[in-house]
$ cat model30.pdb   # PDB, N, CA and C atoms
ATOM      1  N   MET A  37      38.941-146.090-109.063
ATOM      2  CA  MET A  37      37.541-145.811-108.811
ATOM      3  C   MET A  37      37.284-144.340-109.115
ATOM      4  N   ARG A  38      36.209-144.089-109.797
ATOM      5  CA  ARG A  38      35.829-142.714-110.105
ATOM      6  C   ARG A  38      34.798-142.237-109.095
ATOM      7  N   LEU A  39      34.808-140.941-108.849
ATOM      8  CA  LEU A  39      33.830-140.371-107.931
ATOM      9  C   LEU A  39      32.428-140.583-108.460
ATOM     10  N   GLY A  40      31.516-140.852-107.577
ATOM     11  CA  GLY A  40      30.131-141.031-107.960
ATOM     12  C   GLY A  40      29.775-142.475-108.270
ATOM     13  N   GLU A  41      30.754-143.345-108.445
ATOM     14  CA  GLU A  41      30.484-144.762-108.685
ATOM     15  C   GLU A  41      30.444-145.510-107.365
ATOM     16  N   PRO A  42      29.543-146.476-107.263
ATOM     17  CA  PRO A  42      29.534-147.270-106.033
ATOM     18  C   PRO A  42      30.827-148.092-105.939
ATOM     19  N   ALA A  43      31.290-148.249-104.737
ATOM     20  CA  ALA A  43      32.526-149.019-104.527
ATOM     21  C   ALA A  43      32.279-150.483-104.860
ATOM     22  N   ARG A  44      33.252-151.100-105.503
ATOM     23  CA  ARG A  44      33.144-152.524-105.808
ATOM     24  C   ARG A  44      33.896-153.307-104.752
ATOM     25  N   MET A  45      33.313-154.415-104.355
ATOM     26  CA  MET A  45      33.970-155.278-103.379
ATOM     27  C   MET A  45      34.998-156.116-104.099
ATOM     28  N   GLN A  46      36.129-156.292-103.466
ATOM     29  CA  GLN A  46      37.154-157.145-104.024
ATOM     30  C   GLN A  46      37.319-158.354-103.128
ATOM     31  N   ALA A  47      37.242-159.505-103.733
ATOM     32  CA  ALA A  47      37.434-160.742-102.979
ATOM     33  C   ALA A  47      38.912-161.066-102.950
ATOM     34  N   ALA A  48      39.365-161.495-101.796
ATOM     35  CA  ALA A  48      40.759-161.887-101.660
ATOM     36  C   ALA A  48      40.825-163.176-100.862
ATOM     37  N   ILE A  49      41.764-163.997-101.216
ATOM     38  CA  ILE A  49      41.962-165.247-100.505
ATOM     39  C   ILE A  49      43.109-165.052 -99.534
ATOM     40  N   ASN A  50      42.866-165.410 -98.280
ATOM     41  CA  ASN A  50      43.911-165.316 -97.268
ATOM     42  C   ASN A  50      44.817-166.532 -97.416
ATOM     43  N   ILE A  51      46.065-166.290 -97.803
ATOM     44  CA  ILE A  51      46.999-167.396 -98.001
ATOM     45  C   ILE A  51      48.040-167.454 -96.885
ATOM     46  N   THR A  52      47.753-166.774 -95.772
ATOM     47  CA  THR A  52      48.656-166.830 -94.628
ATOM     48  C   THR A  52      48.651-168.245 -94.061
ATOM     49  N   PRO A  53      49.831-168.858 -93.941
ATOM     50  CA  PRO A  53      49.845-170.233 -93.420
ATOM     51  C   PRO A  53      49.442-170.283 -91.954
ATOM     52  N   LEU A  54      48.843-171.390 -91.568
ATOM     53  CA  LEU A  54      48.488-171.580 -90.171
ATOM     54  C   LEU A  54      49.756-171.756 -89.348
ATOM     55  N   VAL A  55      49.758-171.208 -88.167
ATOM     56  CA  VAL A  55      50.912-171.319 -87.291
ATOM     57  C   VAL A  55      50.888-172.695 -86.639
ATOM     58  N   ASP A  56      51.988-173.399 -86.749
ATOM     59  CA  ASP A  56      52.084-174.697 -86.102
ATOM     60  C   ASP A  56      52.378-174.504 -84.629
ATOM     61  N   VAL A  57      51.649-175.239 -83.819
ATOM     62  CA  VAL A  57      51.849-175.191 -82.381
ATOM     63  C   VAL A  57      52.343-176.551 -81.924
ATOM     64  N   VAL A  58      53.408-176.553 -81.142
ATOM     65  CA  VAL A  58      53.911-177.781 -80.545
ATOM     66  C   VAL A  58      53.382-177.819 -79.120
ATOM     67  N   LEU A  59      52.627-178.871 -78.813
ATOM     68  CA  LEU A  59      52.024-179.003 -77.490
ATOM     69  C   LEU A  59      52.875-179.922 -76.629
ATOM     70  N   VAL A  60      53.361-179.383 -75.528
ATOM     71  CA  VAL A  60      54.113-180.155 -74.546
ATOM     72  C   VAL A  60      53.202-180.360 -73.348
ATOM     73  N   SER A  61      52.933-181.611 -73.020
ATOM     74  CA  SER A  61      52.055-181.921 -71.889
ATOM     75  C   SER A  61      52.850-182.601 -70.784
ATOM     76  N   ILE A  62      52.429-182.329 -69.556
ATOM     77  CA  ILE A  62      53.021-182.983 -68.385
ATOM     78  C   ILE A  62      51.869-183.649 -67.653
ATOM     79  N   ASP A  63      51.928-184.967 -67.535
ATOM     80  CA  ASP A  63      50.820-185.670 -66.888
ATOM     81  C   ASP A  63      50.974-185.668 -65.367
ATOM     82  N   GLU A  64      49.993-186.237 -64.696
ATOM     83  CA  GLU A  64      49.944-186.245 -63.230
ATOM     84  C   GLU A  64      51.188-186.865 -62.597
ATOM     85  N   ALA A  65      51.773-187.849 -63.278
ATOM     86  CA  ALA A  65      52.965-188.533 -62.758
ATOM     87  C   ALA A  65      54.258-187.812 -63.143
ATOM     88  N   GLY A  66      54.147-186.686 -63.866
ATOM     89  CA  GLY A  66      55.337-185.956 -64.296
ATOM     90  C   GLY A  66      55.867-186.427 -65.642
ATOM     91  N   GLY A  67      55.120-187.330 -66.303
ATOM     92  CA  GLY A  67      55.528-187.815 -67.624
ATOM     93  C   GLY A  67      55.398-186.730 -68.679
ATOM     94  N   LEU A  68      56.313-186.736 -69.632
ATOM     95  CA  LEU A  68      56.334-185.725 -70.686
ATOM     96  C   LEU A  68      55.733-186.265 -71.971
ATOM     97  N   TRP A  69      55.002-185.399 -72.660
ATOM     98  CA  TRP A  69      54.377-185.721 -73.925
ATOM     99  C   TRP A  69      54.618-184.563 -74.873
ATOM    100  N   ILE A  70      54.946-184.867 -76.123
ATOM    101  CA  ILE A  70      55.049-183.840 -77.155
ATOM    102  C   ILE A  70      54.071-184.228 -78.252
ATOM    103  N   ASN A  71      53.095-183.357 -78.481
ATOM    104  CA  ASN A  71      52.052-183.624 -79.477
ATOM    105  C   ASN A  71      51.462-185.025 -79.316
ATOM    106  N   ASP A  72      51.115-185.369 -78.100
ATOM    107  CA  ASP A  72      50.469-186.648 -77.754
ATOM    108  C   ASP A  72      51.353-187.871 -77.944
ATOM    109  N   GLN A  73      52.666-187.669 -77.994
ATOM    110  CA  GLN A  73      53.624-188.774 -78.055
ATOM    111  C   GLN A  73      54.442-188.759 -76.765
ATOM    112  N   SER A  74      54.467-189.867 -76.055
ATOM    113  CA  SER A  74      55.231-189.957 -74.819
ATOM    114  C   SER A  74      56.721-189.797 -75.112
ATOM    115  N   VAL A  75      57.405-189.035 -74.258
ATOM    116  CA  VAL A  75      58.833-188.768 -74.456
ATOM    117  C   VAL A  75      59.556-188.961 -73.126
ATOM    118  N   ALA A  76      60.652-189.717 -73.159
ATOM    119  CA  ALA A  76      61.481-189.877 -71.967
ATOM    120  C   ALA A  76      62.205-188.558 -71.699
ATOM    121  N   ALA A  77      62.342-188.199 -70.440
ATOM    122  CA  ALA A  77      62.971-186.926 -70.069
ATOM    123  C   ALA A  77      64.359-186.770 -70.669
ATOM    124  N   GLU A  78      65.113-187.867 -70.729
ATOM    125  CA  GLU A  78      66.484-187.773 -71.252
ATOM    126  C   GLU A  78      66.531-187.534 -72.769
ATOM    127  N   HIS A  79      65.401-187.695 -73.455
ATOM    128  CA  HIS A  79      65.348-187.460 -74.900
ATOM    129  C   HIS A  79      64.464-186.267 -75.256
ATOM    130  N   PHE A  80      64.100-185.485 -74.238
ATOM    131  CA  PHE A  80      63.160-184.387 -74.452
ATOM    132  C   PHE A  80      63.664-183.381 -75.474
ATOM    133  N   ASP A  81      64.927-182.952 -75.358
ATOM    134  CA  ASP A  81      65.442-181.912 -76.255
ATOM    135  C   ASP A  81      65.425-182.355 -77.712
ATOM    136  N   GLU A  82      65.874-183.569 -77.989
ATOM    137  CA  GLU A  82      65.890-184.030 -79.376
ATOM    138  C   GLU A  82      64.472-184.277 -79.908
ATOM    139  N   ALA A  83      63.565-184.743 -79.047
ATOM    140  CA  ALA A  83      62.177-184.952 -79.472
ATOM    141  C   ALA A  83      61.504-183.612 -79.768
ATOM    142  N   LEU A  84      61.814-182.592 -78.976
ATOM    143  CA  LEU A  84      61.248-181.264 -79.207
ATOM    144  C   LEU A  84      61.762-180.692 -80.519
ATOM    145  N   ARG A  85      63.054-180.816 -80.772
ATOM    146  CA  ARG A  85      63.613-180.330 -82.039
ATOM    147  C   ARG A  85      62.970-181.051 -83.225
ATOM    148  N   ALA A  86      62.755-182.344 -83.098
ATOM    149  CA  ALA A  86      62.128-183.113 -84.176
ATOM    150  C   ALA A  86      60.685-182.658 -84.407
ATOM    151  N   ALA A  87      59.959-182.369 -83.328
ATOM    152  CA  ALA A  87      58.569-181.928 -83.451
ATOM    153  C   ALA A  87      58.480-180.556 -84.111
ATOM    154  N   VAL A  88      59.433-179.691 -83.807
ATOM    155  CA  VAL A  88      59.447-178.343 -84.377
ATOM    156  C   VAL A  88      59.831-178.399 -85.853
ATOM    157  N   GLY A  89      60.741-179.298 -86.206
ATOM    158  CA  GLY A  89      61.169-179.427 -87.595
ATOM    159  C   GLY A  89      61.852-178.178 -88.094
ATOM    160  N   ALA A  90      61.486-177.731 -89.276
ATOM    161  CA  ALA A  90      62.125-176.571 -89.905
ATOM    162  C   ALA A  90      61.429-175.259 -89.567
ATOM    163  N   GLU A  91      60.429-175.302 -88.722
ATOM    164  CA  GLU A  91      59.693-174.089 -88.334
ATOM    165  C   GLU A  91      60.668-173.086 -87.727
ATOM    166  N   THR A  92      60.686-171.866 -88.262
ATOM    167  CA  THR A  92      61.644-170.863 -87.790
ATOM    168  C   THR A  92      61.180-170.110 -86.552
ATOM    169  N   ASN A  93      59.879-170.036 -86.347
ATOM    170  CA  ASN A  93      59.350-169.327 -85.187
ATOM    171  C   ASN A  93      58.251-170.168 -84.546
ATOM    172  N   PRO A  94      58.626-171.293 -83.955
ATOM    173  CA  PRO A  94      57.606-172.205 -83.434
ATOM    174  C   PRO A  94      56.893-171.643 -82.209
ATOM    175  N   LYS A  95      55.650-172.020 -82.069
ATOM    176  CA  LYS A  95      54.864-171.687 -80.883
ATOM    177  C   LYS A  95      54.812-172.952 -80.031
ATOM    178  N   ILE A  96      55.373-172.881 -78.847
ATOM    179  CA  ILE A  96      55.403-174.033 -77.949
ATOM    180  C   ILE A  96      54.508-173.713 -76.759
ATOM    181  N   VAL A  97      53.574-174.623 -76.485
ATOM    182  CA  VAL A  97      52.609-174.415 -75.418
ATOM    183  C   VAL A  97      52.684-175.596 -74.457
ATOM    184  N   ILE A  98      52.693-175.298 -73.163
ATOM    185  CA  ILE A  98      52.744-176.333 -72.126
ATOM    186  C   ILE A  98      51.358-176.496 -71.520
ATOM    187  N   ARG A  99      50.944-177.750 -71.401
ATOM    188  CA  ARG A  99      49.696-178.081 -70.709
ATOM    189  C   ARG A  99      50.067-179.039 -69.579
ATOM    190  N   GLY A 100      49.852-178.612 -68.344
ATOM    191  CA  GLY A 100      50.199-179.441 -67.195
ATOM    192  C   GLY A 100      48.974-179.891 -66.430
ATOM    193  N   ASP A 101      49.070-181.053 -65.840
ATOM    194  CA  ASP A 101      47.997-181.555 -64.995
ATOM    195  C   ASP A 101      47.815-180.610 -63.806
ATOM    196  N   ALA A 102      46.586-180.423 -63.384
ATOM    197  CA  ALA A 102      46.275-179.501 -62.286
ATOM    198  C   ALA A 102      46.923-179.907 -60.970
ATOM    199  N   LYS A 103      47.285-181.166 -60.818
ATOM    200  CA  LYS A 103      47.867-181.637 -59.563
ATOM    201  C   LYS A 103      49.373-181.426 -59.487
ATOM    202  N   LEU A 104      49.977-180.900 -60.552
ATOM    203  CA  LEU A 104      51.422-180.674 -60.554
ATOM    204  C   LEU A 104      51.793-179.467 -59.705
ATOM    205  N   ASN A 105      53.005-179.498 -59.185
ATOM    206  CA  ASN A 105      53.573-178.320 -58.544
ATOM    207  C   ASN A 105      54.141-177.429 -59.635
ATOM    208  N   PHE A 106      54.175-176.128 -59.375
ATOM    209  CA  PHE A 106      54.729-175.211 -60.371
ATOM    210  C   PHE A 106      56.182-175.563 -60.683
ATOM    211  N   ARG A 107      56.902-176.096 -59.726
ATOM    212  CA  ARG A 107      58.307-176.469 -59.927
ATOM    213  C   ARG A 107      58.453-177.404 -61.120
ATOM    214  N   GLU A 108      57.541-178.370 -61.237
ATOM    215  CA  GLU A 108      57.611-179.337 -62.332
ATOM    216  C   GLU A 108      57.368-178.661 -63.688
ATOM    217  N   VAL A 109      56.446-177.724 -63.724
ATOM    218  CA  VAL A 109      56.177-176.987 -64.952
ATOM    219  C   VAL A 109      57.374-176.099 -65.287
ATOM    220  N   ARG A 110      57.922-175.453 -64.293
ATOM    221  CA  ARG A 110      59.078-174.570 -64.506
ATOM    222  C   ARG A 110      60.279-175.352 -65.027
ATOM    223  N   GLU A 111      60.494-176.571 -64.549
ATOM    224  CA  GLU A 111      61.606-177.397 -65.043
ATOM    225  C   GLU A 111      61.462-177.664 -66.538
ATOM    226  N   VAL A 112      60.244-177.892 -66.992
ATOM    227  CA  VAL A 112      60.010-178.114 -68.422
ATOM    228  C   VAL A 112      60.230-176.812 -69.189
ATOM    229  N   MET A 113      59.794-175.695 -68.617
ATOM    230  CA  MET A 113      60.026-174.402 -69.265
ATOM    231  C   MET A 113      61.523-174.145 -69.441
ATOM    232  N   VAL A 114      62.304-174.447 -68.426
ATOM    233  CA  VAL A 114      63.761-174.276 -68.499
ATOM    234  C   VAL A 114      64.350-175.199 -69.557
ATOM    235  N   ALA A 115      63.890-176.458 -69.602
ATOM    236  CA  ALA A 115      64.390-177.414 -70.601
ATOM    237  C   ALA A 115      64.095-176.917 -72.016
ATOM    238  N   ILE A 116      62.921-176.338 -72.225
ATOM    239  CA  ILE A 116      62.569-175.794 -73.537
ATOM    240  C   ILE A 116      63.497-174.638 -73.887
ATOM    241  N   GLU A 117      63.737-173.748 -72.945
ATOM    242  CA  GLU A 117      64.639-172.625 -73.178
ATOM    243  C   GLU A 117      66.062-173.097 -73.451
ATOM    244  N   GLN A 118      66.522-174.119 -72.737
ATOM    245  CA  GLN A 118      67.868-174.641 -72.944
ATOM    246  C   GLN A 118      68.013-175.313 -74.307
ATOM    247  N   THR A 119      66.899-175.758 -74.872
ATOM    248  CA  THR A 119      66.917-176.348 -76.207
ATOM    249  C   THR A 119      66.992-175.252 -77.269
ATOM    250  N   GLY A 120      66.783-174.001 -76.861
ATOM    251  CA  GLY A 120      66.937-172.876 -77.782
ATOM    252  C   GLY A 120      65.655-172.192 -78.188
ATOM    253  N   PHE A 121      64.547-172.556 -77.580
ATOM    254  CA  PHE A 121      63.268-171.954 -77.938
ATOM    255  C   PHE A 121      62.846-170.939 -76.886
ATOM    256  N   ARG A 122      62.215-169.864 -77.344
ATOM    257  CA  ARG A 122      61.778-168.796 -76.445
ATOM    258  C   ARG A 122      60.270-168.600 -76.579
ATOM    259  N   GLY A 123      59.693-167.959 -75.596
ATOM    260  CA  GLY A 123      58.286-167.592 -75.678
ATOM    261  C   GLY A 123      57.335-168.756 -75.499
ATOM    262  N   VAL A 124      57.476-169.474 -74.429
ATOM    263  CA  VAL A 124      56.624-170.627 -74.147
ATOM    264  C   VAL A 124      55.286-170.144 -73.599
ATOM    265  N   GLY A 125      54.200-170.718 -74.097
ATOM    266  CA  GLY A 125      52.869-170.396 -73.600
ATOM    267  C   GLY A 125      52.380-171.474 -72.645
ATOM    268  N   LEU A 126      51.371-171.155 -71.874
ATOM    269  CA  LEU A 126      50.785-172.107 -70.929
ATOM    270  C   LEU A 126      49.297-172.247 -71.198
ATOM    271  N   ILE A 127      48.795-173.471 -71.061
ATOM    272  CA  ILE A 127      47.364-173.735 -71.154
ATOM    273  C   ILE A 127      46.881-174.088 -69.758
ATOM    274  N   ALA A 128      45.824-173.434 -69.334
ATOM    275  CA  ALA A 128      45.249-173.726 -68.018
ATOM    276  C   ALA A 128      43.771-174.005 -68.198
ATOM    277  N   LYS A 129      43.225-174.813 -67.312
ATOM    278  CA  LYS A 129      41.786-175.036 -67.339
ATOM    279  C   LYS A 129      41.241-174.774 -65.943
ATOM    280  N   ARG A 130      39.997-174.425 -65.907
ATOM    281  CA  ARG A 130      39.359-174.149 -64.627
ATOM    282  C   ARG A 130      39.137-175.456 -63.874
ATOM    283  N   THR A 131      39.156-175.370 -62.579
ATOM    284  CA  THR A 131      38.904-176.534 -61.743
ATOM    285  C   THR A 131      37.515-177.067 -62.036
ATOM    286  N   GLY A 132      37.438-178.394 -62.181
ATOM    287  CA  GLY A 132      36.147-179.024 -62.402
ATOM    288  C   GLY A 132      35.754-179.169 -63.862
ATOM    289  N   THR A 133      36.586-178.698 -64.802
ATOM    290  CA  THR A 133      36.237-178.860 -66.211
ATOM    291  C   THR A 133      36.770-180.182 -66.717
ATOM    292  N   GLU A 134      36.110-180.728 -67.699
ATOM    293  CA  GLU A 134      36.510-182.015 -68.263
ATOM    294  C   GLU A 134      37.636-181.817 -69.259
ATOM    295  N   GLY A 135      38.362-182.870 -69.548
ATOM    296  CA  GLY A 135      39.412-182.830 -70.557
ATOM    297  C   GLY A 135      40.744-183.184 -69.983
ATOM    298  N   LYS A 136      41.713-183.373 -70.869
ATOM    299  CA  LYS A 136      43.057-183.769 -70.467
ATOM    300  C   LYS A 136      43.937-182.583 -70.252
TER     301      LYS A 136
END
$ encode --input "model30.pdb" --output "structure tokens"
Amino acid sequence: MRLGEPARMQAAINITPLVDVVLVSIDEAGGLWINDQSVAAEHFDEALRAAVGAETNPKIVIRGDAKLNFREVREVMVAIEQTGFRGVGLIAKRTGTEGK
């Protein structure tokens, strides 16, 4: 760019891939779900690995029913860590809001 010339805008396409998020849900009865697929507790680790696939830095988020005790959520957090994943996120909703 030369001095005195108006700046030209440059268009660029963002090619950054979207980050895949693996959603782990715990229902009111303590049932486990990975990405809306029911998973037996004894198969949780292998189902989680399958859901993550080849992703090198997966984002794993836990969504628990409001009626759960923290102990139940913590047990799932420990199971995720024992499977080898770190940095688990939590989804919370305000009391009285609709949704699962």
$ closest_residue --input "model30.pdb" --among "A:Ala128, A:Leu104, A:Leu84, A:Ala90" --to "Ile116 in chain A" --atoms "all atoms listed in the file"
A:Leu84
$ resolve_selection --input "model30.pdb" --expression "the PyMOL selection byres ((chain A and resi 54-64) around 6.5)" --output "number ranges by chain"
A: 52-53, 65-72, 87, 94-101, 103-104
$ select_by_dssp --input "model30.pdb" --residues "range 54-116 of chain A" --states "strand (DSSP E)" --output "PyMOL selection string"
chain A and resi 57-62+68-70+73-75+95-100
$ axis_aligned_box --input "model30.pdb" --around "range 104-111 of chain A" --padding-each-side "6 Å" --output "AutoDock Vina command-line options"
--center_x 55.8 --center_y -177.7 --center_z -62.5 --size_x 23.6 --size_y 18.3 --size_z 20.0
$ atom_distance --input "model30.pdb" --atom1 "CA of Glu78 in chain A" --atom2 "CA of Asn93 in chain A"
24.2 Å
